[in-house]
Amino acid sequence: APAAPSAAPASATTHSPYGQLRPLVVLSAERLATGDLVAAAKWGTGGPVDDPAREQEVLRAVAEQARQLGADPAVTVRFFRDQIEANKVVQRGLHRAWDADPGRAPTERPDLGQVRKEINRINHELVQALADSPQARSAPYCAPLLTAAAVRVRHERHLDALHTGALARSLRSVCA
Ligand SMILES: C=C(O[C@@H]1C=C(C(=O)O)C=C[C@H]1O)C(=O)O
């Protein structure tokens, strides 16, 4: 019988440090893009941006997934607290912009349940990317590589100032 494959995830052993960090940045930008949809879903409902019950559910789920992957649940939860704060930065920023200029406000309301399914999918990929990147995150040059990846993603995705600031907020605890 062929030898069993190594238990270590291929991406953790074969990716360069930049290759480990870049997925975290790409997925964080994707997660932030959902903030636009969540902001639209909540706009005009009178409901708050903050949903502490949903946040606890997200943190519980990602901690559980981290445990299953043999990753550090505390590191994972800290990372996701930043992801959640960053998402709220986007939502509040958009609500302020729409208050100031109602002509820019969305005219359709996305289904928050559907958007959360998309967020759950991204969360899952983010926990995996975090679990695959311990070497890069503890490297002394983590911060400059992370910044380089963020600058690149900002250009690729044409991020505005609001989303660029939120992206930096979302990545605050990536490097050890
Ligand atoms: C994205 C949402 O808005 C906020 C941000 C959350 C997140 O980033 O996971 C969760 C709950 C809310 O406090 C949401 O309500 O789903």
# chains A, B, ... in the order shown; residues from 1 in each chain; ligands from 1
>>> select_by_dssp(residues="range 92-125 of chain A", states="alpha helix (DSSP H)", output="list in words")
Arg92, Gly93, Leu94, His95, Arg96, Ala97, Trp98, Asp99, Ala100, Leu112, Gly113, Gln114, Val115, Arg116, Lys117, Glu118, Ile119, Asn120, Arg121, Ile122, Asn123, His124 and Glu125 of chain A
>>> write_last_selection(atoms="N, CA and C atoms", output="PDB file, in the first residue's frame")
ATOM      1  N   ARG A  92     -20.779  50.819   9.997  1.00  0.00           N
ATOM      2  CA  ARG A  92     -21.030  52.151  10.553  1.00  0.00           C
ATOM      3  C   ARG A  92     -20.626  53.231   9.557  1.00  0.00           C
ATOM      4  N   GLY A  93     -19.509  53.002   8.869  1.00  0.00           N
ATOM      5  CA  GLY A  93     -19.043  53.977   7.878  1.00  0.00           C
ATOM      6  C   GLY A  93     -20.057  54.157   6.759  1.00  0.00           C
ATOM      7  N   LEU A  94     -20.611  53.062   6.293  1.00  0.00           N
ATOM      8  CA  LEU A  94     -21.599  53.144   5.216  1.00  0.00           C
ATOM      9  C   LEU A  94     -22.883  53.799   5.716  1.00  0.00           C
ATOM     10  N   HIS A  95     -23.307  53.441   6.921  1.00  0.00           N
ATOM     11  CA  HIS A  95     -24.527  54.064   7.451  1.00  0.00           C
ATOM     12  C   HIS A  95     -24.349  55.576   7.589  1.00  0.00           C
ATOM     13  N   ARG A  96     -23.148  55.998   8.023  1.00  0.00           N
ATOM     14  CA  ARG A  96     -22.875  57.443   8.109  1.00  0.00           C
ATOM     15  C   ARG A  96     -22.945  58.087   6.728  1.00  0.00           C
ATOM     16  N   ALA A  97     -22.346  57.419   5.749  1.00  0.00           N
ATOM     17  CA  ALA A  97     -22.343  57.972   4.389  1.00  0.00           C
ATOM     18  C   ALA A  97     -23.766  58.047   3.831  1.00  0.00           C
ATOM     19  N   TRP A  98     -24.559  57.046   4.123  1.00  0.00           N
ATOM     20  CA  TRP A  98     -25.935  57.020   3.591  1.00  0.00           C
ATOM     21  C   TRP A  98     -26.825  58.021   4.329  1.00  0.00           C
ATOM     22  N   ASP A  99     -26.553  58.225   5.624  1.00  0.00           N
ATOM     23  CA  ASP A  99     -27.266  59.267   6.364  1.00  0.00           C
ATOM     24  C   ASP A  99     -26.976  60.623   5.745  1.00  0.00           C
ATOM     25  N   ALA A 100     -25.694  60.856   5.433  1.00  0.00           N
ATOM     26  CA  ALA A 100     -25.269  62.154   4.927  1.00  0.00           C
ATOM     27  C   ALA A 100     -25.762  62.379   3.504  1.00  0.00           C
ATOM     28  N   LEU A 112     -30.440  39.022   5.406  1.00  0.00           N
ATOM     29  CA  LEU A 112     -29.319  38.892   6.340  1.00  0.00           C
ATOM     30  C   LEU A 112     -28.944  37.422   6.559  1.00  0.00           C
ATOM     31  N   GLY A 113     -29.926  36.553   6.578  1.00  0.00           N
ATOM     32  CA  GLY A 113     -29.657  35.113   6.752  1.00  0.00           C
ATOM     33  C   GLY A 113     -28.774  34.566   5.637  1.00  0.00           C
ATOM     34  N   GLN A 114     -29.045  35.015   4.410  1.00  0.00           N
ATOM     35  CA  GLN A 114     -28.228  34.567   3.273  1.00  0.00           C
ATOM     36  C   GLN A 114     -26.817  35.122   3.379  1.00  0.00           C
ATOM     37  N   VAL A 115     -26.704  36.388   3.766  1.00  0.00           N
ATOM     38  CA  VAL A 115     -25.374  36.997   3.875  1.00  0.00           C
ATOM     39  C   VAL A 115     -24.574  36.271   4.957  1.00  0.00           C
ATOM     40  N   ARG A 116     -25.245  35.898   6.051  1.00  0.00           N
ATOM     41  CA  ARG A 116     -24.532  35.197   7.123  1.00  0.00           C
ATOM     42  C   ARG A 116     -24.063  33.817   6.685  1.00  0.00           C
ATOM     43  N   LYS A 117     -24.788  33.187   5.771  1.00  0.00           N
ATOM     44  CA  LYS A 117     -24.296  31.904   5.228  1.00  0.00           C
ATOM     45  C   LYS A 117     -22.969  32.115   4.512  1.00  0.00           C
ATOM     46  N   GLU A 118     -22.901  33.205   3.753  1.00  0.00           N
ATOM     47  CA  GLU A 118     -21.657  33.541   3.046  1.00  0.00           C
ATOM     48  C   GLU A 118     -20.546  33.852   4.071  1.00  0.00           C
ATOM     49  N   ILE A 119     -20.898  34.589   5.129  1.00  0.00           N
ATOM     50  CA  ILE A 119     -19.905  34.897   6.169  1.00  0.00           C
ATOM     51  C   ILE A 119     -19.416  33.598   6.826  1.00  0.00           C
ATOM     52  N   ASN A 120     -20.325  32.680   7.091  1.00  0.00           N
ATOM     53  CA  ASN A 120     -19.926  31.401   7.694  1.00  0.00           C
ATOM     54  C   ASN A 120     -18.929  30.665   6.807  1.00  0.00           C
ATOM     55  N   ARG A 121     -19.179  30.692   5.500  1.00  0.00           N
ATOM     56  CA  ARG A 121     -18.278  30.021   4.554  1.00  0.00           C
ATOM     57  C   ARG A 121     -16.879  30.654   4.611  1.00  0.00           C
ATOM     58  N   ILE A 122     -16.851  31.991   4.628  1.00  0.00           N
ATOM     59  CA  ILE A 122     -15.559  32.693   4.679  1.00  0.00           C
ATOM     60  C   ILE A 122     -14.886  32.425   6.029  1.00  0.00           C
ATOM     61  N   ASN A 123     -15.673  32.430   7.102  1.00  0.00           N
ATOM     62  CA  ASN A 123     -15.102  32.136   8.426  1.00  0.00           C
ATOM     63  C   ASN A 123     -14.363  30.802   8.404  1.00  0.00           C
ATOM     64  N   HIS A 124     -15.003  29.820   7.805  1.00  0.00           N
ATOM     65  CA  HIS A 124     -14.440  28.478   7.737  1.00  0.00           C
ATOM     66  C   HIS A 124     -13.074  28.505   7.033  1.00  0.00           C
ATOM     67  N   GLU A 125     -13.025  29.208   5.907  1.00  0.00           N
ATOM     68  CA  GLU A 125     -11.768  29.298   5.154  1.00  0.00           C
ATOM     69  C   GLU A 125     -10.726  30.084   5.935  1.00  0.00           C
TER      70      GLU A 125
END
>>> residues_near_ligand(ligand="ligand 1", cutoff="7 Å", atoms="only C-alpha atoms and all ligand atoms", output="PyMOL selection string")
chain A and resi 35+38+49-52+54-55+58+83-85+87-88+112+116
>>> closest_atom_pairs(of="range 13-118 of chain A", to="range 127-134 of chain A", cutoff="9 Å", atoms="only C-alpha atoms", output="tab-separated table")
residue	atom	partner	partner_atom	distance
A:Thr13	CA	A:Asp132	CA	8.4
A:His15	CA	A:Ser133	CA	8.9
A:Pro17	CA	A:Ser133	CA	7.7
A:Gly19	CA	A:Ser133	CA	8.8
A:Gln20	CA	A:Ser133	CA	5.1
A:Leu21	CA	A:Ser133	CA	6.7
A:Pro23	CA	A:Ala129	CA	6.5
A:Leu24	CA	A:Ala129	CA	6.0
A:Leu27	CA	A:Ala129	CA	8.7
A:Val62	CA	A:Val127	CA	6.6
A:Ala63	CA	A:Val127	CA	8.7
A:Gln65	CA	A:Val127	CA	7.2
A:Ala66	CA	A:Val127	CA	6.4
A:Leu69	CA	A:Ala131	CA	7.2
A:Gly70	CA	A:Ala131	CA	7.9
A:Ala71	CA	A:Ala131	CA	5.4
A:Asp72	CA	A:Ala131	CA	7.9
A:Val75	CA	A:Leu130	CA	8.9
A:Thr76	CA	A:Val127	CA	6.9
A:Phe79	CA	A:Leu130	CA	8.8
A:Phe80	CA	A:Val127	CA	9.0
>>> closest_residue(among="A:Lys42, A:Arg81, A:Arg152, A:Arg67", to="Tyr18 in chain A", atoms="only C-alpha atoms")
A:Arg152
>>> closest_residue(among="A:Ala136, A:Leu32, A:Ala161, A:Val151", to="Val174 in chain A", atoms="only C-alpha atoms")
A:Ala136
>>> atom_distance(atom1="CA of Leu37 in chain A", atom2="CA of Ser173 in chain A")
25.0 Å
>>> residues_around(residues="Leu162 in chain A", least_positions_apart="3", cutoff="7 Å", atoms="only C-alpha atoms", output="PDB file with N, CA and C atoms, in the first residue's frame")
ATOM      1  N   VAL A  90     -16.971  48.964   8.758  1.00  0.00           N
ATOM      2  CA  VAL A  90     -17.544  49.136   7.418  1.00  0.00           C
ATOM      3  C   VAL A  90     -19.025  49.493   7.511  1.00  0.00           C
ATOM      4  N   GLY A  93     -19.509  53.002   8.869  1.00  0.00           N
ATOM      5  CA  GLY A  93     -19.043  53.977   7.878  1.00  0.00           C
ATOM      6  C   GLY A  93     -20.057  54.157   6.759  1.00  0.00           C
ATOM      7  N   GLY A 165      -8.999  50.976   5.654  1.00  0.00           N
ATOM      8  CA  GLY A 165      -8.825  51.107   7.103  1.00  0.00           C
ATOM      9  C   GLY A 165      -9.374  49.907   7.840  1.00  0.00           C
ATOM     10  N   ALA A 166     -10.530  49.422   7.390  1.00  0.00           N
ATOM     11  CA  ALA A 166     -11.135  48.257   8.034  1.00  0.00           C
ATOM     12  C   ALA A 166     -10.276  47.011   7.808  1.00  0.00           C
TER      13      ALA A 166
END
